[in-house]
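What follows is one structure encoded as structure tokens, with my remarks underneath.
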Amino acid sequence: MTARAYPFGPVDGLEVDPTYLQLQQDEPLARVRLPYGEEGWLLTRYEDVRLALSDPRFSLAQAAVRDTPRMGPVRMGAILTDLDPPDHTRLRRLLAHAFTVRRVEQLRANAERLAHDLLDSMEKAGPPADLLTAYAVPLPGLMVCDLLGVPYADRDHFQDLAAAFMSITALTDDEKLARLGELAGYLAGLADQRHAHQEDDLISALVVAQEEGDRLTRDELVQLTVLLLGAGYDSTASHIANSVHTLLKFPDQADLLRANPDLMPGAVEELLRWIPAQEVADIMPRYALEDVQLSGGVVRAGEPVLLAKHAANRDPRQFPDPGRFDVTRNAKGHLTFGHGPHHCIGAQLARMDVQVALTALLERFPGLRLTADVEWRTGMAMRGPVAMRVAW
């Protein structure tokens, strides 16, 4: 079978390339060839993607030792994403001791205060404003710094370092590795400080986290913190901006949310489902450990699969009329945060950030509107605007 060149596109903004939906219908197990690495299978149907995310017959750890399908010459792995159970389970349990729902909810009041402070400054400066630099980027940045115990004074520098974590081609591999190395060094110093003096933050909680006498090593703690910071900062900022863009595109849905604020939690789930967060399929391929039957055929042992979660979230077999954006839809079960043992451990924090950000913005600026065409960034794992000029 001849492999298709991948990724598809390009597409504008938050559009989904129609090739995904065509494959979902006619070729749910499609052979693809990325710029680097071996060929793989692209999965686009909900049931197949969900199975590959959770079935132990698919391995993430194998990707660390294979010539994986990838966008750049060097594969960029991460501590939690390069492990299978039981090694992954051990780290996940230790991390869960520190990353609790209670801890996230304790941050909600602070998030609301920060959101209103940022909107106060935006309103005082007057329109037009760049929603990214004024609001969408600093809010999750401040929240992640608060969660980890990183001084707020470092947030601008952290924005650059954390954004490097999500780069696919925007930075060279050397530039990316240099920034991540600088980030790891800073967080290692912060962890050493918390060993000597505990504070009420996530790094302190990770320092003391233990299960049956097991603790995180210093290297594990730093790697996990880098992962949380990078994944939680840039992706949440992008999703806030993408959500605002979506609500401005569908003003009737924004009006519905203003009139019924209790709809916001469900609306955020629908935004997570509807927005194609990633430009390409999940950049972490899974390898079949044995032959696995999927809806489009058999994946043989040793073959990699790439998971198009954004296409799966538009599968009509799971979500009726999936292209329609509807804040009253029951969108639970979407795969944006993954599924199974590798489900995003920061999902609750991201949900809370987006809920707070949108609630405050819709309430403060009912006349919010775009004042210029939105330019979309390229070469990053997460889709999002370069700038979003707005007035009210």
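Letters A, B, ... go to the chains of the structure tokens in the order shown; residues in each chain start at 1; ligands are counted from 1 in the same order.
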
| field | Neighbour list for Val386 in chain A as a ChimeraX atom specification, cut-off 6 Å, only C-alpha atoms, skip fewer than 4 positions in-chain | value | /A:375-377

Atoms to include: N, CA, C and O atoms. Write the selected residues as a PDB file, in the first residue's frame.
```
ATOM      1  N   GLU A 375      -4.045  36.068  12.553  1.00  0.00           N
ATOM      2  CA  GLU A 375      -2.928  35.333  11.961  1.00  0.00           C
ATOM      3  C   GLU A 375      -2.628  34.129  12.846  1.00  0.00           C
ATOM      4  O   GLU A 375      -2.502  34.261  14.066  1.00  0.00           O
ATOM      5  N   TRP A 376      -2.520  32.969  12.220  1.00  0.00           N
ATOM      6  CA  TRP A 376      -2.339  31.731  12.969  1.00  0.00           C
ATOM      7  C   TRP A 376      -0.886  31.288  12.936  1.00  0.00           C
ATOM      8  O   TRP A 376      -0.223  31.358  11.904  1.00  0.00           O
ATOM      9  N   ARG A 377      -0.387  30.831  14.060  1.00  0.00           N
ATOM     10  CA  ARG A 377       0.999  30.406  14.133  1.00  0.00           C
ATOM     11  C   ARG A 377       1.179  29.041  13.456  1.00  0.00           C
ATOM     12  O   ARG A 377       0.218  28.274  13.308  1.00  0.00           O
TER      13      ARG A 377
END
```

| task | Quick one: everything within 10 Å of Ala254 in chain A, counting only C-alpha atoms, minus sequence neighbours fewer than 4 positions away in the same chain. Send it as a ChimeraX atom specification. | result | /A:244,246-250,258-260,267,327,358,362,366

| request: Pick out the residues sitting within 10 Å of Ala5 in chain A, and hand them over as a PyMOL selection string; count only C-alpha atoms, and ignore anything fewer than 3 positions along from it in its own chain. | output: chain A and resi 2+8+31-35+39

| query | Any idea what's packed within 12 Å of Asp87 in chain A, counting only C-alpha atoms, ignoring anything in its chain fewer than 5 positions away? Could you give it as a list of chain:residue names? | reply | A:Leu60, A:Ala61, A:Ile79, A:Leu80, A:Thr81, A:Asp82, A:Arg92, A:Arg93, A:Leu94, A:Glu220, A:Pro341

| task | Considering only C-alpha atoms, state which residue in the set A:Pro86, A:Gly72, A:Gly302, A:His343 is at the smallest distance from Asp173 in chain A. | result | A:Gly72

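Within 8 Å of range 130-134 of chain A, once only C-alpha atoms are used and residues closer than 6 positions along the same chain are dropped, the contacting residues are Leu118, Leu119, Met122, Ala237, Ala241, Pro385, Val386, Ala387, Met388, Arg389 and Val390 of chain A.
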